[in-house]
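J.: The structure file final-v6.cif (mmCIF, C-alpha atoms) is provided below.
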```cif
data_my_file
#
loop_
_atom_site.label_atom_id
_atom_site.label_comp_id
_atom_site.auth_asym_id
_atom_site.auth_seq_id
_atom_site.Cartn_x
_atom_site.Cartn_y
_atom_site.Cartn_z
CA MET F 1 -52.97 44.89 -19.06
CA MET F 2 -53.75 42.01 -21.41
CA ARG F 3 -50.04 41.83 -22.31
CA PHE F 4 -49.32 40.68 -18.77
CA VAL F 5 -52.30 38.39 -18.22
CA ARG F 6 -51.38 35.62 -20.64
CA PRO F 7 -47.74 35.16 -19.57
CA ALA F 8 -48.86 35.41 -15.96
CA ALA F 9 -51.41 32.67 -16.56
CA VAL F 10 -48.77 30.47 -18.16
CA MET F 11 -46.40 31.09 -15.27
CA ALA F 12 -49.11 30.25 -12.80
CA ALA F 13 -49.91 27.03 -14.62
CA LEU F 14 -46.25 26.00 -14.66
CA LEU F 15 -45.76 26.81 -11.01
CA LEU F 16 -49.04 25.41 -9.74
CA GLY F 17 -49.45 22.48 -12.11
CA ALA F 18 -48.78 19.09 -10.56
CA CYS F 19 -47.09 16.25 -12.43
CA THR F 20 -47.75 12.55 -12.21
CA HIS F 21 -44.70 10.34 -12.63
CA THR F 22 -45.58 6.76 -13.54
CA PHE F 23 -43.05 3.98 -13.09
CA GLU F 24 -43.10 0.85 -15.20
CA VAL F 25 -43.60 -2.38 -13.25
CA PRO F 26 -41.84 -5.36 -14.85
CA GLN F 27 -43.56 -8.73 -14.84
CA SER F 28 -42.11 -11.61 -12.89
CA THR F 29 -38.93 -13.04 -14.41
CA LEU F 30 -38.76 -16.10 -12.20
CA ALA F 31 -37.88 -19.27 -14.08
CA LYS F 32 -40.68 -21.79 -14.33
CA SER F 33 -40.35 -23.99 -11.27
CA ALA F 34 -41.92 -27.18 -12.63
CA ALA F 35 -41.51 -29.19 -15.80
CA THR F 36 -44.68 -29.53 -17.86
CA ALA F 37 -44.96 -33.19 -16.87
CA GLU F 38 -45.29 -32.20 -13.21
CA ARG F 39 -48.40 -30.12 -13.79
CA SER F 40 -51.76 -31.43 -12.67
CA ASP F 41 -54.39 -31.99 -15.36
CA ALA F 42 -56.93 -30.37 -13.04
CA VAL F 43 -58.34 -26.88 -13.50
CA ALA F 44 -57.57 -23.98 -11.18
CA ALA F 45 -59.31 -20.62 -11.18
CA LEU F 46 -57.59 -17.31 -10.53
CA VAL F 47 -59.90 -14.76 -8.95
CA VAL F 48 -59.13 -11.32 -10.38
CA THR F 49 -61.17 -8.59 -8.70
CA PRO F 50 -61.43 -4.94 -9.75
CA ASP F 51 -59.34 -4.07 -6.67
CA LEU F 52 -56.56 -6.36 -7.86
CA ARG F 53 -56.62 -4.87 -11.36
CA ALA F 54 -56.44 -1.39 -9.84
CA ALA F 55 -53.65 -2.20 -7.34
CA LYS F 56 -50.98 0.44 -7.37
CA TRP F 57 -48.38 2.26 -5.32
CA SER F 58 -48.88 6.00 -5.08
CA GLU F 59 -47.02 8.70 -3.22
CA SER F 60 -47.36 12.46 -3.28
CA MET F 61 -44.52 14.83 -2.63
CA MET F 62 -44.27 18.57 -3.14
CA GLY F 63 -47.34 18.63 -5.36
CA ASP F 64 -46.20 15.81 -7.65
CA THR F 65 -47.58 12.28 -7.64
CA PHE F 66 -45.41 9.20 -8.10
CA GLU F 67 -47.17 5.97 -8.90
CA ALA F 68 -46.61 2.42 -10.10
CA PRO F 69 -49.53 0.37 -11.45
CA LEU F 70 -49.12 -3.12 -10.02
CA GLY F 71 -52.29 -4.87 -11.21
CA ASP F 72 -51.03 -6.27 -14.51
CA ALA F 73 -47.81 -7.63 -13.01
CA LEU F 74 -49.65 -9.22 -10.08
CA ILE F 75 -52.25 -10.84 -12.35
CA ALA F 76 -49.67 -12.12 -14.85
CA GLY F 77 -47.46 -13.47 -12.07
CA ALA F 78 -50.35 -15.19 -10.32
CA LYS F 79 -51.56 -16.77 -13.54
CA GLN F 80 -48.06 -18.05 -14.37
CA LEU F 81 -47.69 -19.38 -10.82
CA LEU F 82 -50.85 -21.43 -11.26
CA LEU F 83 -49.93 -22.52 -14.80
CA ASP F 84 -46.78 -24.02 -13.30
CA MET F 85 -49.05 -26.31 -11.26
CA PHE F 86 -52.19 -26.79 -13.38
CA SER F 87 -52.60 -27.33 -17.09
CA THR F 88 -55.64 -25.05 -17.22
CA VAL F 89 -56.17 -21.78 -15.37
CA GLU F 90 -59.43 -19.89 -15.73
CA VAL F 91 -59.68 -16.23 -14.74
CA VAL F 92 -62.88 -15.33 -12.87
CA PRO F 93 -64.11 -12.19 -11.07
CA THR F 94 -65.39 -14.08 -8.01
CA PRO F 95 -64.88 -17.59 -6.56
CA GLY F 96 -67.32 -19.96 -8.21
CA GLY F 97 -68.81 -20.59 -11.61
CA ILE F 98 -66.22 -23.06 -12.93
CA PRO F 99 -67.74 -26.51 -12.31
CA ASN F 100 -64.51 -28.45 -12.76
CA ALA F 101 -62.20 -26.06 -10.91
CA LEU F 102 -60.33 -27.78 -8.10
CA TYR F 103 -59.30 -24.54 -6.41
CA TYR F 104 -60.10 -20.85 -6.54
CA VAL F 105 -57.05 -18.71 -5.78
CA ALA F 106 -57.70 -15.08 -4.82
CA PRO F 107 -54.77 -12.71 -4.31
CA THR F 108 -55.44 -9.33 -2.67
CA MET F 109 -52.90 -6.52 -2.48
CA LEU F 110 -53.35 -5.17 1.06
CA ARG F 111 -50.67 -2.54 1.51
CA ILE F 112 -47.52 -1.24 -0.10
CA GLU F 113 -45.05 1.15 1.44
CA HIS F 114 -41.91 2.75 0.09
CA THR F 115 -38.80 3.85 1.93
CA GLN F 116 -36.93 6.48 -0.02
CA ALA F 117 -33.27 7.14 0.52
CA ALA F 118 -31.98 10.53 1.58
CA TRP F 119 -29.48 10.58 -1.29
CA ALA F 120 -29.29 9.30 -4.84
CA PHE F 121 -26.72 6.64 -3.91
CA GLY F 122 -28.86 5.41 -1.00
CA GLU F 123 -31.26 2.46 -1.03
CA GLN F 124 -34.99 2.59 -1.69
CA VAL F 125 -37.20 -0.24 -0.47
CA PHE F 126 -40.68 -1.29 -1.52
CA THR F 127 -42.54 -3.54 0.93
CA MET F 128 -45.82 -5.10 -0.11
CA ALA F 129 -48.38 -7.30 1.64
CA VAL F 130 -50.42 -9.62 -0.58
CA GLU F 131 -53.02 -11.92 0.95
CA TRP F 132 -53.66 -15.26 -0.79
CA ARG F 133 -56.96 -17.03 -0.14
CA VAL F 134 -57.53 -20.50 -1.59
CA THR F 135 -60.96 -22.14 -1.53
CA ASP F 136 -61.91 -25.55 -2.86
CA ARG F 137 -64.86 -26.53 -5.04
CA ASP F 138 -67.05 -26.85 -1.93
CA GLY F 139 -66.29 -23.29 -0.85
CA GLN F 140 -64.06 -24.38 2.02
CA THR F 141 -61.03 -22.22 2.75
CA VAL F 142 -57.95 -24.41 2.53
CA LEU F 143 -55.41 -21.60 2.85
CA VAL F 144 -55.38 -17.96 3.86
CA ASP F 145 -51.95 -16.44 4.16
CA THR F 146 -50.10 -13.21 3.61
CA ILE F 147 -46.88 -12.72 1.74
CA ILE F 148 -44.69 -9.80 2.79
CA SER F 149 -42.33 -9.16 -0.07
CA GLU F 150 -39.55 -6.67 -0.62
CA GLY F 151 -37.72 -5.03 -3.45
CA ARG F 152 -34.50 -3.15 -2.74
CA GLY F 153 -32.48 -1.01 -5.10
CA ARG F 154 -30.69 2.24 -5.68
CA GLN F 155 -32.70 5.45 -5.27
CA GLY F 156 -31.08 7.02 -8.32
CA ASN F 157 -30.63 10.63 -9.36
CA VAL F 158 -32.81 12.83 -11.55
CA PHE F 159 -31.49 11.05 -14.67
CA THR F 160 -31.57 7.45 -13.43
CA TYR F 161 -34.42 7.28 -10.90
CA LYS F 162 -36.99 5.93 -13.34
CA GLY F 163 -34.82 3.03 -14.44
CA ASP F 164 -33.59 2.37 -10.90
CA THR F 165 -37.15 2.33 -9.57
CA LYS F 166 -38.27 -0.01 -12.36
CA THR F 167 -35.46 -2.40 -11.39
CA THR F 168 -36.48 -2.21 -7.72
CA LEU F 169 -40.13 -2.87 -8.56
CA GLY F 170 -39.06 -5.87 -10.61
CA ARG F 171 -37.29 -7.28 -7.58
CA LEU F 172 -40.44 -6.70 -5.53
CA ILE F 173 -42.56 -8.64 -8.02
CA ASN F 174 -40.05 -11.51 -8.21
CA ASP F 175 -39.86 -11.73 -4.41
CA THR F 176 -43.67 -11.76 -4.22
CA PHE F 177 -44.01 -14.77 -6.49
CA ALA F 178 -41.01 -16.65 -5.18
CA LYS F 179 -42.58 -16.49 -1.72
CA ALA F 180 -46.08 -17.18 -3.03
CA GLU F 181 -44.84 -20.34 -4.73
CA GLY F 182 -43.43 -21.50 -1.40
CA LYS F 183 -46.74 -20.92 0.39
CA LEU F 184 -49.15 -22.19 -2.25
CA SER F 185 -47.26 -25.10 -3.74
CA PRO F 186 -47.52 -27.45 -0.71
CA VAL F 187 -51.31 -26.94 -0.66
CA LEU F 188 -52.11 -26.88 -4.37
CA ARG F 189 -49.78 -29.64 -5.49
CA HIS F 190 -51.38 -32.15 -3.13
CA SER F 191 -54.47 -32.27 -5.32
CA MET P 192 -14.42 14.01 7.58
CA ALA P 193 -17.04 12.90 5.12
CA ALA P 194 -17.89 9.81 7.16
CA GLY P 195 -19.92 11.74 9.70
CA PRO P 196 -22.39 13.43 7.37
CA ILE P 197 -22.63 10.38 5.14
CA ALA P 198 -23.29 8.08 8.12
CA GLY P 199 -25.93 10.51 9.30
CA CYS P 200 -27.75 10.15 6.00
CA ALA P 201 -27.98 6.36 6.17
CA THR P 202 -31.51 4.94 6.15
CA LEU P 203 -33.06 4.77 9.61
CA HIS P 204 -32.76 1.26 11.03
CA ILE P 205 -35.59 0.08 13.30
CA PRO P 206 -35.01 -3.24 15.07
CA ASP P 207 -37.41 -6.17 15.14
CA PHE P 208 -39.70 -6.45 18.14
CA PRO P 209 -38.47 -9.23 20.46
CA VAL P 210 -40.78 -11.81 22.00
CA PRO P 211 -42.05 -10.07 25.15
CA PRO P 212 -41.35 -11.54 28.59
CA ALA P 213 -43.98 -13.98 29.77
CA ALA P 214 -44.68 -11.87 32.83
CA GLY P 215 -46.03 -9.06 30.66
CA LEU P 216 -48.35 -11.22 28.55
CA LYS P 217 -52.11 -11.54 28.86
CA GLN P 218 -53.45 -14.84 27.59
CA ALA P 219 -56.51 -16.76 26.50
CA ALA P 220 -56.13 -20.44 25.68
CA ASP P 221 -57.93 -23.74 25.20
CA GLU P 222 -57.09 -27.14 23.74
CA HIS P 223 -56.91 -25.69 20.20
CA ALA P 224 -54.77 -22.59 20.55
CA GLU P 225 -53.00 -20.15 22.82
CA VAL P 226 -53.48 -16.42 22.19
CA ASN P 227 -51.11 -13.98 23.87
CA LEU P 228 -51.26 -10.22 23.96
CA TYR P 229 -48.74 -7.55 24.96
CA VAL P 230 -49.44 -3.83 24.97
CA VAL P 231 -46.52 -1.57 24.11
CA ARG P 232 -47.42 1.38 26.33
CA ASP P 233 -43.89 2.51 27.13
CA GLN P 234 -43.07 5.38 24.80
CA GLY P 235 -39.38 4.53 24.95
CA ASP P 236 -40.17 1.09 23.55
CA GLN P 237 -42.43 2.67 20.94
CA ARG P 238 -39.56 4.91 19.85
CA THR P 239 -37.20 1.93 19.69
CA TYR P 240 -39.42 -0.50 17.78
CA PHE P 241 -41.52 1.91 15.71
CA GLY P 242 -39.13 4.79 15.23
CA THR P 243 -41.48 7.25 16.89
CA GLU P 244 -43.72 7.64 19.91
CA LEU P 245 -47.15 6.49 18.75
CA ALA P 246 -49.17 7.23 21.91
CA PRO P 247 -49.10 11.05 21.50
CA LYS P 248 -50.46 10.47 18.01
CA GLY P 249 -53.43 8.49 19.34
CA VAL P 250 -52.14 5.04 18.38
CA LEU P 251 -51.59 2.13 20.78
CA PRO P 252 -49.63 -0.84 19.37
CA VAL P 253 -50.84 -4.20 20.66
CA TRP P 254 -48.70 -7.27 19.93
CA LEU P 255 -50.71 -10.43 19.34
CA SER P 256 -49.38 -13.97 19.09
CA VAL P 257 -51.33 -17.11 18.19
CA ARG P 258 -49.90 -20.59 18.75
CA ASN P 259 -51.52 -23.69 17.27
CA LYS P 260 -51.60 -26.36 19.99
CA SER P 261 -52.84 -29.10 17.69
CA ALA P 262 -50.49 -31.78 16.43
CA HIS P 263 -52.66 -32.60 13.44
CA GLU P 264 -54.67 -29.68 12.09
CA SER P 265 -53.84 -26.23 10.78
CA ILE P 266 -55.60 -23.13 12.08
CA ALA P 267 -56.69 -20.15 10.02
CA LEU P 268 -56.37 -16.63 11.45
CA ASP P 269 -58.14 -13.97 9.42
CA PHE P 270 -57.11 -10.46 10.47
CA ARG P 271 -60.70 -9.40 9.79
CA ASP P 272 -61.66 -11.48 12.85
CA VAL P 273 -59.44 -9.51 15.26
CA ARG P 274 -61.36 -6.75 17.03
CA ILE P 275 -60.71 -4.43 19.91
CA ASP P 276 -63.44 -2.80 21.94
CA ALA P 277 -62.93 -0.04 24.47
CA GLN P 278 -65.41 1.32 26.93
CA GLY P 279 -68.02 -0.90 25.31
CA ARG P 280 -67.57 0.31 21.75
CA ALA P 281 -65.56 -0.99 18.83
CA ILE P 282 -62.44 1.02 18.16
CA ALA P 283 -60.42 -1.42 16.13
CA GLU P 284 -62.14 -3.44 13.48
CA PRO P 285 -61.23 -4.08 9.87
CA GLU P 286 -63.62 -1.64 8.25
CA ARG P 287 -62.06 -2.16 4.88
CA ALA P 288 -61.27 -5.56 3.49
CA HIS P 289 -57.75 -4.62 2.54
CA ALA P 290 -56.75 -2.61 5.61
CA PRO P 291 -55.47 -4.72 8.49
CA VAL P 292 -55.59 -1.75 10.84
CA ASN P 293 -58.62 0.11 12.06
CA THR P 294 -59.39 3.45 10.51
CA ALA P 295 -58.42 5.41 13.60
CA GLY P 296 -55.16 3.53 13.79
CA GLU P 297 -54.47 4.14 10.15
CA GLN P 298 -55.14 7.83 10.61
CA GLY P 299 -52.58 7.67 13.38
CA VAL P 300 -50.13 6.07 11.01
CA VAL P 301 -50.78 8.75 8.43
CA LEU P 302 -50.22 11.36 11.08
CA VAL P 303 -46.90 9.79 11.89
CA GLY P 304 -45.74 10.43 8.35
CA ALA P 305 -47.49 13.76 8.00
CA ALA P 306 -46.06 15.09 11.23
CA LEU P 307 -42.56 14.49 9.94
CA LEU P 308 -43.31 15.56 6.41
CA SER P 309 -44.66 18.88 7.57
CA LEU P 310 -41.16 20.11 8.38
CA PRO P 311 -39.52 22.44 5.88
CA LEU P 312 -37.47 20.67 3.22
CA LEU P 313 -34.11 22.13 4.11
CA PHE P 314 -30.78 20.26 3.99
CA GLY P 315 -32.06 17.86 6.59
CA GLY P 316 -35.38 17.49 4.77
CA ALA P 317 -34.35 14.56 2.61
CA LYS P 318 -33.24 12.63 5.69
CA MET P 319 -36.49 13.45 7.44
CA LEU P 320 -38.48 12.23 4.45
CA SER P 321 -36.40 9.07 4.34
CA ASP P 322 -36.87 8.45 8.06
CA SER P 323 -40.62 9.04 7.97
CA SER P 324 -41.02 6.71 5.00
CA GLU P 325 -39.06 4.01 6.81
CA ILE P 326 -41.21 4.49 9.92
CA LYS P 327 -44.37 3.97 7.86
CA ARG P 328 -42.88 0.92 6.14
CA ASN P 329 -41.82 -0.59 9.45
CA ILE P 330 -45.25 -0.08 10.97
CA MET P 331 -46.80 -1.85 7.99
CA ALA P 332 -44.26 -4.70 8.09
CA LYS P 333 -44.89 -5.32 11.81
CA GLN P 334 -48.69 -5.56 11.42
CA LEU P 335 -50.64 -8.75 12.13
CA TYR P 336 -51.82 -10.36 8.89
CA SER P 337 -53.98 -13.33 7.99
CA ALA P 338 -52.14 -16.63 8.28
CA THR P 339 -52.68 -20.39 8.16
CA ILE P 340 -50.81 -21.70 11.18
CA PRO P 341 -49.48 -25.26 10.79
CA PRO P 342 -49.67 -27.80 13.65
CA GLY P 343 -47.39 -26.61 16.44
CA GLY P 344 -46.70 -23.36 14.63
CA SER P 345 -47.37 -19.75 15.56
CA THR P 346 -47.82 -16.31 14.06
CA SER P 347 -47.56 -12.84 15.57
CA GLY P 348 -47.83 -9.19 14.71
CA PHE P 349 -49.24 -5.86 15.80
CA VAL P 350 -52.75 -4.51 15.85
CA TYR P 351 -52.71 -0.72 15.96
CA THR P 352 -55.65 0.57 17.90
CA ALA P 353 -56.99 4.05 18.53
CA VAL P 354 -56.44 5.65 21.91
CA ASP P 355 -57.25 9.00 23.42
CA PRO P 356 -53.77 10.41 24.15
CA ALA P 357 -55.09 12.08 27.29
CA ALA P 358 -56.94 9.05 28.63
CA GLN P 359 -55.06 6.01 27.31
CA THR P 360 -54.31 4.56 30.69
CA SER P 361 -57.90 4.69 31.90
CA TRP P 362 -59.64 2.86 29.06
CA ASN P 363 -60.72 -0.76 29.56
CA TYR P 364 -59.93 -2.64 26.37
CA GLU P 365 -61.08 -6.04 25.21
CA MET P 366 -59.55 -7.90 22.26
CA SER P 367 -61.45 -10.68 20.56
CA VAL P 368 -59.95 -13.17 18.12
CA ILE P 369 -61.68 -15.91 16.11
CA LEU P 370 -59.69 -18.93 14.94
CA ARG P 371 -60.89 -21.75 12.69
CA ALA P 372 -59.70 -25.25 11.85
CA VAL P 373 -58.57 -25.72 8.23
CA PRO P 374 -60.33 -26.52 5.92
CA VAL P 375 -62.85 -23.89 6.95
CA PRO P 376 -66.40 -24.61 5.77
CA PRO P 377 -68.54 -21.61 4.79
CA GLY P 378 -70.22 -20.02 7.79
CA ASP P 379 -68.01 -21.77 10.34
CA ALA P 380 -68.32 -20.00 13.71
CA GLY P 381 -64.77 -20.86 14.82
CA TRP P 382 -63.31 -20.62 18.30
CA HIS P 383 -63.53 -17.31 20.16
CA TYR P 384 -60.80 -15.89 22.40
CA ILE P 385 -61.29 -12.76 24.48
CA ILE P 386 -58.58 -10.93 26.37
CA ALA P 387 -59.14 -7.87 28.55
CA PHE P 388 -56.35 -5.37 29.04
#
```
Starting from the file, give its structure as structure tokens.

T.:
Amino acid sequence: MMRFVRPAAVMAALLLGACTHTFEVPQSTLAKSAATAERSDAVAALVVTPDLRAAKWSESMMGDTFEAPLGDALIAGAKQLLLDMFSTVEVVPTPGGIPNALYYVAPTMLRIEHTQAAWAFGEQVFTMAVEWRVTDRDGQTVLVDTIISEGRGRQGNVFTYKGDTKTTLGRLINDTFAKAEGKLSPVLRHS
Amino acid sequence: MAAGPIAGCATLHIPDFPVPPAAGLKQAADEHAEVNLYVVRDQGDQRTYFGTELAPKGVLPVWLSVRNKSAHESIALDFRDVRIDAQGRAIAEPERAHAPVNTAGEQGVVLVGAALLSLPLLFGGAKMLSDSSEIKRNIMAKQLYSATIPPGGSTSGFVYTAVDPAAQTSWNYEMSVILRAVPVPPGDAGWHYIIAF
């Protein structure tokens, strides 16, 4: 009897075990939009909450989980966006606490959805909503807006899907910060 | 010969929702802003613009538009300040800071995907998965989100509210929206707009 138990247990583990597939999320590759001389000498603060650090896309299918951790790319992109406009960017967990900060900028990842193609040569699409809230040193809200960004790319087959999805996620991140620059720049550069 | 099957496996395309006719709008307005509301009750329209009939799944899509009537100041719309009450109780309120739909509505959205995903993954399964994922993405993309509306500008989107599929036509709904002039000082009460439908 024992001869059958161990292989049966292994088979059961293989059949019932679920896998998690994690996709790499590239950081923004947008070229710096402003020359150093155009940056303000003022200080801006980037509000990085635990929710932002933990932001991710996750999808379950047939017992497996597919996920992409977005937090690091969103934080790095937001910090670079602000460094293009201000010479000093402080990272804080909540708005407040930096006496000489002109603005507190708080991005929040609201939702992300993924359209998968029916076939490997079809197109997959990531769509993400990120809310940007900017408050001034008096706690007044000077901007609250939502960026809907997209990344499109090939679905890929069993051999290429990881690389294809990484490329698509990179496009999503770039679109996010290209649009964010358009929304935030008119407000933050008039300081 | 291959064109037919290949065309049938193309990603589902769901069109944008057009600006509704003025005759179908319900409105609240003052000197600051104009708020318009349109309820997409027709299940044919729901199928066209959302890829599926939402009413049988307990979800009622409500299109909301806000126009800034000021020539000088911007207006802030926070989606957390959009609420829908029905029969005297709240059924659509942003219970979570990062969910611009009410919980019941979001369950309806999940059901939309789950109802399609529950089908066996046969040859047509991949297309069904693709279609259901595009339906979910489209619903998310069409939602109403927070926005700073410039002078003379406008913003619009959908609020997905819960509805009893058996009683949706008999409920009395009331939507409330709060708008605020930018910059918004802490604790600002804002301007309130209420529309019954």

J.: Residues within 8 Å of region 229-233 of chain P, please, as a PDB file with C-alpha atoms, keeping the file's coordinate frame. Count all atoms listed in the file; anything in the same chain fewer than 3 positions from it doesn't count.

T.:
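Writing the result to result00.pdb gives the following:
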```pdb
ATOM      1  CA  PRO P 211     -42.050 -10.070  25.150  1.00  0.00           C
ATOM      2  CA  GLY P 215     -46.030  -9.060  30.660  1.00  0.00           C
ATOM      3  CA  LEU P 216     -48.350 -11.220  28.550  1.00  0.00           C
ATOM      4  CA  LYS P 217     -52.110 -11.540  28.860  1.00  0.00           C
ATOM      5  CA  ASP P 236     -40.170   1.090  23.550  1.00  0.00           C
ATOM      6  CA  GLN P 237     -42.430   2.670  20.940  1.00  0.00           C
ATOM      7  CA  ALA P 246     -49.170   7.230  21.910  1.00  0.00           C
ATOM      8  CA  LEU P 251     -51.590   2.130  20.780  1.00  0.00           C
ATOM      9  CA  PRO P 252     -49.630  -0.840  19.370  1.00  0.00           C
ATOM     10  CA  VAL P 253     -50.840  -4.200  20.660  1.00  0.00           C
ATOM     11  CA  TRP P 254     -48.700  -7.270  19.930  1.00  0.00           C
ATOM     12  CA  LEU P 255     -50.710 -10.430  19.340  1.00  0.00           C
TER      13      LEU P 255
END
```

J.: Mind giving me the straight-line distance from CA of Ser323 (chain P) to CA of Lys166 (chain F) in Å, one decimal?

T.: 22.4 Å

J.: Assuming the chain letters and numbering stay as they are in my file, what does the PyMOL selection byres ((chain F) within 6 of (chain P)) actually select? List them as a ChimeraX atom specification.

T.: /F:110,113,115-118,140-142,144-146

J.: What is the CA of Val273 (chain P) to CA of Ile369 (chain P) distance in Å?

T.: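 A separation of 6.8 Å between them.
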
J.: List the spatial neighbours of region 70-79 of chain F as a PyMOL selection string - criterion: any atom at most 9 Å away, all atoms listed in the file, same-chain residues fewer than 2 positions off excluded.

T.: chain F and resi 24-29+45-46+48+51-57+68+81-84+89-91+105+107+109+173-174+176-177+180

J.: Please evaluate the PyMOL selection byres ((chain P and resi 259) around 8) against the displayed coordinates and give the resulting residues as a PyMOL selection string.

T.: chain P and resi 223-225+257-258+260-261+265-266+340-345

J.: In Å, how far is it from CA of Gly151 (chain F) to CA of Met128 (chain F)?

T.: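 Result for CA of Gly151 (chain F) versus CA of Met128 (chain F): 8.8 Å, one decimal.
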
J.: So what does the PyMOL selection byres ((chain P and resi 206) around 9) actually pick up in this one, as a list in words?

T.: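 On this input, the PyMOL selection byres ((chain P and resi 206) around 9) captures His204, Ile205, Asp207, Phe208, Pro209, Thr239, Tyr240 and Phe241 of chain P.
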
J.: Report as a PDB file with C-alpha atoms, keeping the file's coordinate frame all protein, DNA and RNA residues lying within 7 Å of Ser40 (chain F), evaluated on only C-alpha atoms, omitting residues in the same chain fewer than 6 positions from it.

T.:
```pdb
ATOM      1  CA  MET F  85     -49.050 -26.310 -11.260  1.00  0.00           C
ATOM      2  CA  PHE F  86     -52.190 -26.790 -13.380  1.00  0.00           C
ATOM      3  CA  SER F  87     -52.600 -27.330 -17.090  1.00  0.00           C
TER       4      SER F  87
END
```

J.: Find the residue from F:Leu143, F:Val92, F:Ala101, F:Leu172 that sits nearest to Ala129 (chain F); use only C-alpha atoms when measuring.

T.: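 Selected residue with least distance to Ala129 (chain F): F:Leu172.
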
J.: Could you rebuild region 367-378 of chain P with N, CA and C atoms and give me the result as a CSV table (one decimal), in the coordinates of the input?

T.:
```
chain,number,residue,atom,x,y,z
P,367,SER,N,-60.9,-9.4,20.9
P,367,SER,CA,-61.4,-10.7,20.6
P,367,SER,C,-60.8,-11.2,19.3
P,368,VAL,N,-60.6,-12.5,19.3
P,368,VAL,CA,-60.0,-13.2,18.1
P,368,VAL,C,-60.8,-14.4,17.8
P,369,ILE,N,-61.0,-14.7,16.5
P,369,ILE,CA,-61.7,-15.9,16.1
P,369,ILE,C,-60.7,-16.7,15.3
P,370,LEU,N,-60.5,-18.0,15.7
P,370,LEU,CA,-59.7,-18.9,14.9
P,370,LEU,C,-60.5,-20.1,14.4
P,371,ARG,N,-60.1,-20.7,13.3
P,371,ARG,CA,-60.9,-21.8,12.7
P,371,ARG,C,-60.0,-22.9,12.2
P,372,ALA,N,-60.5,-24.1,12.3
P,372,ALA,CA,-59.7,-25.2,11.8
P,372,ALA,C,-59.8,-25.3,10.3
P,373,VAL,N,-58.7,-25.6,9.7
P,373,VAL,CA,-58.6,-25.7,8.2
P,373,VAL,C,-58.8,-27.2,7.8
P,374,PRO,N,-59.6,-27.5,6.8
P,374,PRO,CA,-60.3,-26.5,5.9
P,374,PRO,C,-61.5,-25.9,6.6
P,375,VAL,N,-61.8,-24.6,6.3
P,375,VAL,CA,-62.8,-23.9,7.0
P,375,VAL,C,-64.1,-23.9,6.1
P,376,PRO,N,-65.2,-24.6,6.6
P,376,PRO,CA,-66.4,-24.6,5.8
P,376,PRO,C,-67.1,-23.2,5.8
P,377,PRO,N,-67.9,-22.9,4.8
P,377,PRO,CA,-68.5,-21.6,4.8
P,377,PRO,C,-69.4,-21.5,6.0
P,378,GLY,N,-69.4,-20.3,6.6
P,378,GLY,CA,-70.2,-20.0,7.8
P,378,GLY,C,-69.7,-20.6,9.1
```
